[in-house]
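Q: Take a look at protein33.cif, mmCIF, C-alpha atoms and all ligand atoms:
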```
data_query
#
loop_
_atom_site.group_PDB
_atom_site.id
_atom_site.type_symbol
_atom_site.label_atom_id
_atom_site.label_comp_id
_atom_site.auth_asym_id
_atom_site.auth_seq_id
_atom_site.Cartn_x
_atom_site.Cartn_y
_atom_site.Cartn_z
ATOM 1 C CA MET A 26 -6.911 -18.437 16.619
ATOM 2 C CA SER A 27 -9.031 -19.494 13.612
ATOM 3 C CA PRO A 28 -7.175 -20.347 10.393
ATOM 4 C CA TRP A 29 -6.808 -17.554 7.831
ATOM 5 C CA LYS A 30 -9.371 -18.321 5.132
ATOM 6 C CA HIS A 31 -8.098 -16.355 2.131
ATOM 7 C CA LYS A 32 -5.552 -17.958 -0.149
ATOM 8 C CA HIS A 33 -4.548 -14.643 -1.788
ATOM 9 C CA LEU A 34 -4.381 -10.942 -0.912
ATOM 10 C CA LEU A 35 -5.651 -9.107 -3.984
ATOM 11 C CA GLY A 36 -7.259 -6.059 -2.382
ATOM 12 C CA LEU A 37 -8.851 -4.723 0.785
ATOM 13 C CA SER A 38 -12.345 -4.856 -0.683
ATOM 14 C CA SER A 39 -12.477 -8.599 0.002
ATOM 15 C CA LEU A 40 -11.403 -8.304 3.655
ATOM 16 C CA SER A 41 -13.739 -7.695 6.582
ATOM 17 C CA LYS A 42 -13.013 -5.305 9.433
ATOM 18 C CA LYS A 43 -12.278 -8.345 11.606
ATOM 19 C CA GLU A 44 -9.786 -9.707 9.085
ATOM 20 C CA ILE A 45 -8.025 -6.350 8.735
ATOM 21 C CA THR A 46 -7.811 -6.173 12.532
ATOM 22 C CA ARG A 47 -6.331 -9.686 12.572
ATOM 23 C CA ILE A 48 -3.566 -8.631 10.145
ATOM 24 C CA LEU A 49 -2.819 -5.517 12.212
ATOM 25 C CA ASP A 50 -2.713 -7.569 15.422
ATOM 26 C CA GLU A 51 -0.340 -10.138 13.865
ATOM 27 C CA ALA A 52 1.801 -7.238 12.584
ATOM 28 C CA ARG A 53 2.036 -5.862 16.136
ATOM 29 C CA GLU A 54 3.695 -9.149 17.182
ATOM 30 C CA PHE A 55 6.107 -9.023 14.236
ATOM 31 C CA TYR A 56 6.912 -5.391 15.046
ATOM 32 C CA LYS A 57 8.143 -6.668 18.441
ATOM 33 C CA VAL A 58 10.208 -9.364 16.694
ATOM 34 C CA LEU A 59 11.894 -6.662 14.613
ATOM 35 C CA GLU A 60 12.970 -4.863 17.823
ATOM 36 C CA ARG A 61 14.879 -7.925 19.055
ATOM 37 C CA PRO A 62 18.698 -8.252 18.685
ATOM 38 C CA ILE A 63 18.079 -11.119 16.234
ATOM 39 C CA PRO A 64 15.018 -9.884 14.319
ATOM 40 C CA SER A 65 13.947 -13.099 12.610
ATOM 41 C CA VAL A 66 11.736 -16.144 13.155
ATOM 42 C CA PRO A 67 11.612 -19.549 11.417
ATOM 43 C CA ALA A 68 7.891 -19.267 10.498
ATOM 44 C CA LEU A 69 8.317 -19.730 6.731
ATOM 45 C CA ARG A 70 11.428 -21.901 6.669
ATOM 46 C CA GLY A 71 11.284 -24.136 3.589
ATOM 47 C CA LYS A 72 8.919 -21.795 1.700
ATOM 48 C CA THR A 73 10.004 -19.914 -1.409
ATOM 49 C CA ILE A 74 8.583 -16.528 -2.373
ATOM 50 C CA LEU A 75 8.977 -14.882 -5.771
ATOM 51 C CA ASN A 76 8.957 -11.089 -5.981
ATOM 52 C CA LEU A 77 7.644 -10.390 -9.466
ATOM 53 C CA PHE A 78 7.925 -6.656 -10.099
ATOM 54 C CA PHE A 79 7.095 -5.327 -13.566
ATOM 55 C CA GLU A 80 7.171 -1.716 -12.353
ATOM 56 C CA PRO A 81 9.854 0.179 -10.431
ATOM 57 C CA SER A 82 9.726 -0.012 -6.645
ATOM 58 C CA THR A 83 12.014 0.837 -3.752
ATOM 59 C CA ARG A 84 9.945 0.538 -0.565
ATOM 60 C CA THR A 85 7.605 -2.330 -1.466
ATOM 61 C CA LEU A 86 10.257 -4.551 -3.057
ATOM 62 C CA MET A 87 12.828 -3.997 -0.288
ATOM 63 C CA SER A 88 10.165 -4.416 2.367
ATOM 64 C CA PHE A 89 8.863 -7.710 0.966
ATOM 65 C CA THR A 90 12.393 -9.023 0.412
ATOM 66 C CA LEU A 91 13.346 -8.201 4.000
ATOM 67 C CA SER A 92 10.069 -9.607 5.367
ATOM 68 C CA GLU A 93 10.709 -12.885 3.574
ATOM 69 C CA LYS A 94 14.239 -13.074 5.009
ATOM 70 C CA ARG A 95 12.997 -12.176 8.521
ATOM 71 C CA LEU A 96 10.538 -15.095 8.249
ATOM 72 C CA SER A 97 13.371 -17.414 7.054
ATOM 73 C CA ALA A 98 11.766 -17.989 3.634
ATOM 74 C CA ASP A 99 13.836 -18.307 0.469
ATOM 75 C CA SER A 100 13.320 -15.210 -1.621
ATOM 76 C CA LEU A 101 13.923 -14.562 -5.289
ATOM 77 C CA THR A 102 13.380 -11.455 -7.332
ATOM 78 C CA PHE A 103 12.382 -11.314 -10.971
ATOM 79 C CA SER A 104 13.768 -8.517 -13.107
ATOM 80 C CA LYS A 105 11.775 -7.684 -16.217
ATOM 81 C CA THR A 106 14.749 -6.104 -17.989
ATOM 82 C CA SER A 107 16.932 -9.212 -17.768
ATOM 83 C CA SER A 108 14.135 -11.763 -18.315
ATOM 84 C CA SER A 109 12.887 -13.617 -21.382
ATOM 85 C CA ILE A 110 9.860 -11.293 -21.456
ATOM 86 C CA LYS A 111 12.279 -9.287 -23.611
ATOM 87 C CA LYS A 112 12.242 -12.200 -26.092
ATOM 88 C CA GLY A 113 8.444 -12.249 -26.225
ATOM 89 C CA GLU A 114 7.560 -14.759 -23.506
ATOM 90 C CA THR A 115 4.079 -14.180 -22.097
ATOM 91 C CA LEU A 116 3.377 -13.137 -18.521
ATOM 92 C CA LEU A 117 1.605 -16.432 -17.790
ATOM 93 C CA ASP A 118 4.352 -18.603 -19.296
ATOM 94 C CA THR A 119 6.926 -16.620 -17.328
ATOM 95 C CA VAL A 120 5.111 -17.179 -14.054
ATOM 96 C CA LYS A 121 4.179 -20.828 -14.726
ATOM 97 C CA TYR A 122 7.746 -21.796 -15.617
ATOM 98 C CA ILE A 123 9.179 -20.039 -12.558
ATOM 99 C CA GLU A 124 6.465 -21.653 -10.419
ATOM 100 C CA ALA A 125 7.620 -25.071 -11.677
ATOM 101 C CA MET A 126 10.813 -24.486 -9.661
ATOM 102 C CA LYS A 127 8.616 -24.908 -6.536
ATOM 103 C CA ILE A 128 7.405 -21.465 -5.610
ATOM 104 C CA ASP A 129 4.944 -21.176 -2.730
ATOM 105 C CA GLY A 130 3.968 -17.528 -3.066
ATOM 106 C CA ILE A 131 4.194 -14.687 -5.547
ATOM 107 C CA VAL A 132 4.278 -10.980 -4.754
ATOM 108 C CA VAL A 133 3.345 -9.140 -7.937
ATOM 109 C CA ARG A 134 3.411 -5.516 -9.046
ATOM 110 C CA HIS A 135 2.180 -4.656 -12.525
ATOM 111 C CA SER A 136 1.003 -1.562 -14.377
ATOM 112 C CA SER A 137 -2.190 -3.359 -15.464
ATOM 113 C CA ALA A 138 -5.067 -3.580 -13.001
ATOM 114 C CA GLY A 139 -6.180 -7.180 -12.532
ATOM 115 C CA VAL A 140 -2.863 -8.971 -13.117
ATOM 116 C CA PRO A 141 -2.717 -10.354 -9.537
ATOM 117 C CA TYR A 142 -6.280 -11.703 -9.914
ATOM 118 C CA TYR A 143 -5.464 -13.130 -13.373
ATOM 119 C CA LEU A 144 -2.466 -15.004 -11.974
ATOM 120 C CA SER A 145 -4.359 -16.169 -8.883
ATOM 121 C CA GLN A 146 -6.839 -17.986 -11.160
ATOM 122 C CA ARG A 147 -4.108 -19.808 -13.077
ATOM 123 C CA ILE A 148 -1.361 -20.849 -10.679
ATOM 124 C CA ASN A 149 -1.134 -22.846 -7.454
ATOM 125 C CA ALA A 150 1.015 -20.417 -5.463
ATOM 126 C CA PHE A 151 -0.622 -17.771 -3.302
ATOM 127 C CA VAL A 152 -0.619 -14.283 -4.782
ATOM 128 C CA ILE A 153 -0.090 -10.962 -3.026
ATOM 129 C CA ASN A 154 -0.928 -7.757 -4.872
ATOM 130 C CA ALA A 155 1.974 -5.309 -4.498
ATOM 131 C CA GLY A 156 0.179 -2.688 -6.609
ATOM 132 C CA ASP A 157 -1.772 -3.231 -9.844
ATOM 133 C CA GLY A 158 -2.343 -0.258 -12.107
ATOM 134 C CA ALA A 159 -4.839 2.186 -10.608
ATOM 135 C CA HIS A 160 -6.709 -0.640 -8.839
ATOM 136 C CA GLU A 161 -5.329 -1.411 -5.359
ATOM 137 C CA HIS A 162 -2.176 -1.445 -3.256
ATOM 138 C CA PRO A 163 -3.459 -3.390 -0.248
ATOM 139 C CA THR A 164 -0.190 -3.871 1.627
ATOM 140 C CA GLN A 165 0.475 -0.111 1.499
ATOM 141 C CA ALA A 166 -2.945 0.601 2.998
ATOM 142 C CA LEU A 167 -2.465 -2.071 5.666
ATOM 143 C CA LEU A 168 0.842 -0.567 6.739
ATOM 144 C CA ASP A 169 -0.805 2.870 6.755
ATOM 145 C CA LEU A 170 -3.605 1.538 8.962
ATOM 146 C CA PHE A 171 -1.063 -0.107 11.238
ATOM 147 C CA THR A 172 0.998 3.095 11.511
ATOM 148 C CA ALA A 173 -2.079 5.214 12.250
ATOM 149 C CA ARG A 174 -3.488 2.724 14.776
ATOM 150 C CA ARG A 175 -0.122 2.501 16.534
ATOM 151 C CA HIS A 176 0.018 6.284 16.790
ATOM 152 C CA PHE A 177 -3.596 7.056 17.735
ATOM 153 C CA LYS A 178 -4.335 3.708 19.520
ATOM 154 C CA THR A 179 -7.585 3.372 17.543
ATOM 155 C CA LEU A 180 -8.772 4.042 13.988
ATOM 156 C CA LYS A 181 -12.423 4.501 14.923
ATOM 157 C CA GLY A 182 -13.529 8.117 14.631
ATOM 158 C CA LEU A 183 -10.308 9.361 13.033
ATOM 159 C CA LYS A 184 -10.555 11.896 10.232
ATOM 160 C CA ILE A 185 -8.250 11.341 7.277
ATOM 161 C CA ALA A 186 -7.830 13.790 4.399
ATOM 162 C CA ILE A 187 -6.269 12.229 1.288
ATOM 163 C CA ILE A 188 -4.828 14.887 -1.014
ATOM 164 C CA GLY A 189 -3.925 14.515 -4.682
ATOM 165 C CA ASP A 190 -4.610 12.323 -7.691
ATOM 166 C CA ILE A 191 -7.291 10.043 -6.288
ATOM 167 C CA LYS A 192 -8.397 8.792 -9.698
ATOM 168 C CA HIS A 193 -5.127 7.145 -10.702
ATOM 169 C CA SER A 194 -3.964 6.214 -7.209
ATOM 170 C CA ARG A 195 -4.155 2.595 -6.098
ATOM 171 C CA VAL A 196 -2.894 3.767 -2.703
ATOM 172 C CA ALA A 197 -5.866 6.125 -2.344
ATOM 173 C CA LYS A 198 -8.354 3.402 -3.339
ATOM 174 C CA SER A 199 -7.023 0.873 -0.823
ATOM 175 C CA ASN A 200 -6.804 3.502 1.903
ATOM 176 C CA ILE A 201 -10.353 4.759 1.329
ATOM 177 C CA ILE A 202 -11.607 1.172 1.610
ATOM 178 C CA GLY A 203 -9.398 0.349 4.607
ATOM 179 C CA PHE A 204 -9.890 3.478 6.705
ATOM 180 C CA SER A 205 -13.653 3.580 6.135
ATOM 181 C CA LYS A 206 -14.021 -0.128 7.010
ATOM 182 C CA MET A 207 -12.164 0.563 10.255
ATOM 183 C CA GLY A 208 -14.524 3.367 11.238
ATOM 184 C CA ALA A 209 -12.517 6.427 10.158
ATOM 185 C CA SER A 210 -14.061 9.151 8.001
ATOM 186 C CA VAL A 211 -12.343 9.916 4.694
ATOM 187 C CA THR A 212 -12.251 13.230 2.827
ATOM 188 C CA VAL A 213 -10.512 13.467 -0.552
ATOM 189 C CA CYS A 214 -9.182 16.672 -2.069
ATOM 190 C CA GLY A 215 -7.544 17.426 -5.405
ATOM 191 C CA PRO A 216 -8.193 18.794 -8.884
ATOM 192 C CA PRO A 217 -11.719 17.704 -9.926
ATOM 193 C CA THR A 218 -10.235 16.002 -13.017
ATOM 194 C CA LEU A 219 -8.354 13.687 -10.649
ATOM 195 C CA ILE A 220 -11.338 12.711 -8.493
ATOM 196 C CA PRO A 221 -13.199 9.588 -9.680
ATOM 197 C CA PHE A 222 -16.852 9.986 -10.569
ATOM 198 C CA GLY A 223 -19.074 8.623 -7.785
ATOM 199 C CA ILE A 224 -16.440 8.934 -5.041
ATOM 200 C CA GLU A 225 -19.223 9.185 -2.445
ATOM 201 C CA LYS A 226 -20.163 5.563 -3.217
ATOM 202 C CA MET A 227 -16.734 4.673 -1.837
ATOM 203 C CA ASN A 228 -17.640 6.289 1.512
ATOM 204 C CA ALA A 229 -15.478 9.358 0.875
ATOM 205 C CA ILE A 230 -16.415 13.042 0.847
ATOM 206 C CA PHE A 231 -14.978 15.313 -1.851
ATOM 207 C CA GLU A 232 -13.769 18.754 -0.756
ATOM 208 C CA TYR A 233 -12.151 20.973 -3.379
ATOM 209 C CA ASP A 234 -10.795 23.575 -0.946
ATOM 210 C CA LEU A 235 -7.571 22.284 0.599
ATOM 211 C CA LYS A 236 -7.851 24.409 3.744
ATOM 212 C CA LYS A 237 -11.335 23.067 4.458
ATOM 213 C CA ALA A 238 -10.290 19.491 3.633
ATOM 214 C CA ILE A 239 -7.424 19.426 6.137
ATOM 215 C CA LYS A 240 -8.858 21.758 8.815
ATOM 216 C CA ASP A 241 -10.134 18.994 11.139
ATOM 217 C CA ALA A 242 -8.021 16.137 9.812
ATOM 218 C CA ASP A 243 -6.115 13.908 12.231
ATOM 219 C CA ILE A 244 -4.185 12.522 9.269
ATOM 220 C CA ILE A 245 -3.123 14.553 6.247
ATOM 221 C CA TYR A 246 -2.313 11.831 3.719
ATOM 222 C CA VAL A 247 -0.433 13.291 0.769
ATOM 223 C CA LEU A 248 -0.265 11.371 -2.511
ATOM 224 C CA ARG A 249 2.581 11.489 -5.001
ATOM 225 C CA ILE A 250 1.837 13.512 -8.094
ATOM 226 C CA GLN A 251 2.251 10.994 -10.866
ATOM 227 C CA MET A 252 4.374 12.995 -13.311
ATOM 228 C CA GLU A 253 3.647 10.449 -16.016
ATOM 229 C CA ARG A 254 -0.055 11.472 -15.830
ATOM 230 C CA GLN A 255 0.699 15.162 -16.179
ATOM 231 C CA GLU A 256 1.513 14.560 -19.855
ATOM 232 C CA ASN A 257 -2.216 13.976 -20.350
ATOM 233 C CA GLY A 258 -2.987 17.508 -19.093
ATOM 234 C CA MET A 259 -4.986 16.412 -16.059
ATOM 235 C CA PHE A 260 -4.262 19.770 -14.419
ATOM 236 C CA PRO A 261 -2.935 23.017 -15.922
ATOM 237 C CA SER A 262 0.576 23.154 -14.447
ATOM 238 C CA LEU A 263 2.725 21.828 -11.627
ATOM 239 C CA ARG A 264 3.051 25.395 -10.292
ATOM 240 C CA GLU A 265 -0.722 25.711 -10.044
ATOM 241 C CA TYR A 266 -1.011 22.283 -8.446
ATOM 242 C CA ARG A 267 1.589 23.224 -5.821
ATOM 243 C CA GLU A 268 -0.247 26.467 -5.049
ATOM 244 C CA LEU A 269 -3.704 24.887 -4.764
ATOM 245 C CA PHE A 270 -2.982 21.422 -3.385
ATOM 246 C CA GLY A 271 0.631 21.347 -2.149
ATOM 247 C CA ILE A 272 0.963 20.814 1.608
ATOM 248 C CA ALA A 273 3.217 23.588 2.887
ATOM 249 C CA GLN A 274 1.897 24.168 6.388
ATOM 250 C CA GLN A 275 0.353 22.353 9.317
ATOM 251 C CA ASN A 276 -3.351 22.416 10.043
ATOM 252 C CA LYS A 277 -4.587 23.665 13.408
ATOM 253 C CA LYS A 278 -5.812 20.270 14.644
ATOM 254 C CA LYS A 279 -3.890 19.323 17.775
ATOM 255 C CA GLY A 280 -1.935 16.076 17.344
ATOM 256 C CA SER A 281 -2.445 15.768 13.597
ATOM 257 C CA ILE A 282 0.090 13.810 11.548
ATOM 258 C CA ILE A 283 1.445 13.788 7.995
ATOM 259 C CA MET A 284 1.637 10.582 5.939
ATOM 260 C CA HIS A 285 2.829 9.869 2.388
ATOM 261 C CA PRO A 286 3.347 6.477 0.705
ATOM 262 C CA GLY A 287 6.522 7.610 -1.123
ATOM 263 C CA PRO A 288 8.302 8.370 -3.291
ATOM 264 C CA ILE A 289 7.908 12.099 -2.437
ATOM 265 C CA ASN A 290 8.204 14.893 -4.977
ATOM 266 C CA ARG A 291 9.709 17.306 -2.455
ATOM 267 C CA GLY A 292 8.581 20.872 -3.000
ATOM 268 C CA LEU A 293 5.607 19.815 -5.117
ATOM 269 C CA GLU A 294 2.884 17.892 -3.279
ATOM 270 C CA LEU A 295 4.747 18.303 0.031
ATOM 271 C CA THR A 296 7.445 20.728 1.190
ATOM 272 C CA SER A 297 10.612 19.301 2.733
ATOM 273 C CA SER A 298 9.889 21.036 6.029
ATOM 274 C CA MET A 299 6.537 19.246 6.221
ATOM 275 C CA ALA A 300 7.935 15.888 5.051
ATOM 276 C CA ASP A 301 10.594 16.033 7.781
ATOM 277 C CA ALA A 302 8.464 17.695 10.485
ATOM 278 C CA PRO A 303 8.235 16.035 13.941
ATOM 279 C CA ASN A 304 4.626 15.012 13.197
ATOM 280 C CA SER A 305 5.553 13.320 9.896
ATOM 281 C CA LEU A 306 5.218 9.518 10.114
ATOM 282 C CA ILE A 307 6.633 8.877 6.649
ATOM 283 C CA THR A 308 9.753 7.065 7.895
ATOM 284 C CA GLU A 309 7.638 5.139 10.412
ATOM 285 C CA GLN A 310 5.390 3.989 7.543
ATOM 286 C CA VAL A 311 8.405 2.422 5.842
ATOM 287 C CA LYS A 312 9.513 0.807 9.103
ATOM 288 C CA THR A 313 6.112 -0.676 9.922
ATOM 289 C CA GLY A 314 5.830 -1.987 6.361
ATOM 290 C CA VAL A 315 8.205 -4.848 7.161
ATOM 291 C CA ALA A 316 6.135 -6.024 10.144
ATOM 292 C CA VAL A 317 2.877 -5.743 8.209
ATOM 293 C CA ARG A 318 4.229 -7.687 5.230
ATOM 294 C CA MET A 319 5.632 -10.334 7.583
ATOM 295 C CA ALA A 320 2.121 -10.704 9.019
ATOM 296 C CA ILE A 321 0.582 -11.088 5.564
ATOM 297 C CA LEU A 322 3.195 -13.595 4.370
ATOM 298 C CA TYR A 323 2.810 -15.511 7.623
ATOM 299 C CA LEU A 324 -0.978 -15.733 7.295
ATOM 300 C CA LEU A 325 -0.951 -16.713 3.619
ATOM 301 C CA GLY A 326 2.090 -18.948 3.795
ATOM 302 C CA GLY A 327 1.273 -20.686 7.022
ATOM 303 C CA ALA A 328 -2.498 -21.019 7.127
ATOM 304 C CA SER A 329 -3.837 -24.563 6.925
ATOM 305 C CA GLU A 330 -7.322 -23.920 5.521
ATOM 306 C CA LYS A 331 -7.659 -21.490 2.637
ATOM 307 C CA ILE A 332 -10.341 -20.577 0.158
HETATM 308 N N1 LIG B 401 4.768 3.206 -1.648
HETATM 309 C C1 LIG B 401 5.285 2.477 -2.633
HETATM 310 O O1 LIG B 401 4.633 1.607 -3.205
HETATM 311 O O2 LIG B 401 6.591 2.785 -2.927
HETATM 312 P P1 LIG B 401 7.476 2.029 -4.005
HETATM 313 O O3 LIG B 401 6.914 2.367 -5.354
HETATM 314 O O4 LIG B 401 8.880 2.564 -3.813
HETATM 315 O O5 LIG B 401 7.384 0.560 -3.739
#
```
Starting from the file, lay out its structure as structure tokens.
Ligand code: CP
A:
Amino acid sequence: MSPWKHKHLLGLSSLSKKEITRILDEAREFYKVLERPIPSVPALRGKTILNLFFEPSTRTLMSFTLSEKRLSADSLTFSKTSSSIKKGETLLDTVKYIEAMKIDGIVVRHSSAGVPYYLSQRINAFVINAGDGAHEHPTQALLDLFTARRHFKTLKGLKIAIIGDIKHSRVAKSNIIGFSKMGASVTVCGPPTLIPFGIEKMNAIFEYDLKKAIKDADIIYVLRIQMERQENGMFPSLREYRELFGIAQQNKKKGSIIMHPGPINRGLELTSSMADAPNSLITEQVKTGVAVRMAILYLLGGASEKI
């Protein structure tokens, strides 16, 4: 197998279809590892990974932490609230001084788009974007692609409908890029104020009517309503949003599935009966996330030639 050529993972826009397939194929091997009685391998023994989260996270932080342990890496987690950021230390100083303790890789989540790129230009460790502002959340999209490919056997020709706040969603951006690169067709649906201008340039079709958007969809991908955005009056009310865009029933497409990146606002963008329905892969998404992040850490932490 040829060496992985990227030093960092900042977004899916810089990966080719072949490279995305490579990550998904590596993840399939790690998924098998996770099924073993002892679900770990020594691949990253001696490496140290810093989880640098400036925003709250349950799934991504736990998933990366577990992936690092399953690969036998040393793992440390930075907490903004108990750090010297509180005393005015800059982001770059914080990272540089932690890196001096011999850190090989940094997994970073930040509310500002571009922070992973900024750090990647200034430190020696490899950088993985765990979500930056409204820009990208590449590892979420990769685990979504993995989950969908595992279920449907192929991504080519699938129809995915992404419902919700597309404009502010890094998950939507990475998934539009990822699914369209892999040959799926992407429809987005939500209040027009939450659809980015020029969405068609991203290879996605906009459909305002929810019923039409999900009618033929193999995957109904529901986004979290970002309550913090509602303060800016992006749509009239939560009640209206639920009525127009909340997923409360199945479509008629045989074999269709429900996905959601979490956390779910139950009863708002998605009813509990739909979130917990037999065709919901939401728990599976969380499970596959560990294998996918192991694959990414393995490729970045173990590759010999990197650009
Ligand atoms: N999907 C996702 O990023 O969830 P967390 O915010 O809990 O990490």
Q: Give the residues close to ligand LIG 401 (chain B), within 8 Å, counting all atoms listed in the file; write them as a count of residues only.
A: 15
Q: Considering all atoms listed in the file, can you say which of A:Ser145, A:Ser262, A:Ser92, A:Ser194 comes closest to A:Leu59?
A: A:Ser92
Q: Given the choices A:Met207, A:Leu117, A:Leu180, A:Leu269, which gets closest to A:Glu44 if the distance is worked out from all atoms listed in the file?
A: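 The shortest atom-to-atom distance to A:Glu44 comes from A:Met207.
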Q: Go through A:Ile63, A:Thr218, A:Glu93, A:Arg291 one by one, measure the shortest atom-to-atom distance of each to A:Gly258 using only C-alpha atoms, and give the residue with the smallest value.
A: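 Looking at the shortest contact to A:Gly258, the residue is A:Thr218.
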Q: Work out how far apart atom CA of A:Gly215 and atom CA of A:Met284 are and give it in Å to one decimal.
A: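 Between these atoms lies a distance of 16.1 Å.
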Q: For the PyMOL selection byres (((chain A and resi 230) around 10) and not hetatm), applied here, can you spell out every residue it catches as a list in words?
A: Ala186, Ser210, Val211, Thr212, Val213, Cys214, Ile224, Glu225, Lys226, Met227, Asn228, Ala229, Phe231, Glu232, Tyr233 and Ala238 of chain A
Q: From the options A:Lys30, A:Arg267, A:Lys127, A:Arg53, which residue's atoms come nearest to A:Asn149, counting only C-alpha atoms?
A: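 That would be A:Lys127, the residue with the smallest distance to A:Asn149.
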Q: Nearest to A:Val120: which of A:Phe260, A:Phe171, A:Phe89, A:Phe78 is it, counting all atoms listed in the file?
A: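 Of the candidates, the smallest distance to A:Val120 is held by A:Phe78.
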Q: When you count all atoms listed in the file, which of these residues is closest to A:Tyr143: A:Met252, A:Leu116, A:Ala166, A:Ile283?
A: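 The closest residue to A:Tyr143 is A:Leu116.
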Q: What are the centre and the three edge lengths of an axis-aligned box that wraps all atoms of stretch 96-101 of chain A in the file, given that 6 Å is added to every side, written as JSON and rounded to one decimal in Å?
A:
```
{"center_x": 12.2, "center_y": -16.4, "center_z": 1.5, "size_x": 15.4, "size_y": 15.7, "size_z": 25.5}
```
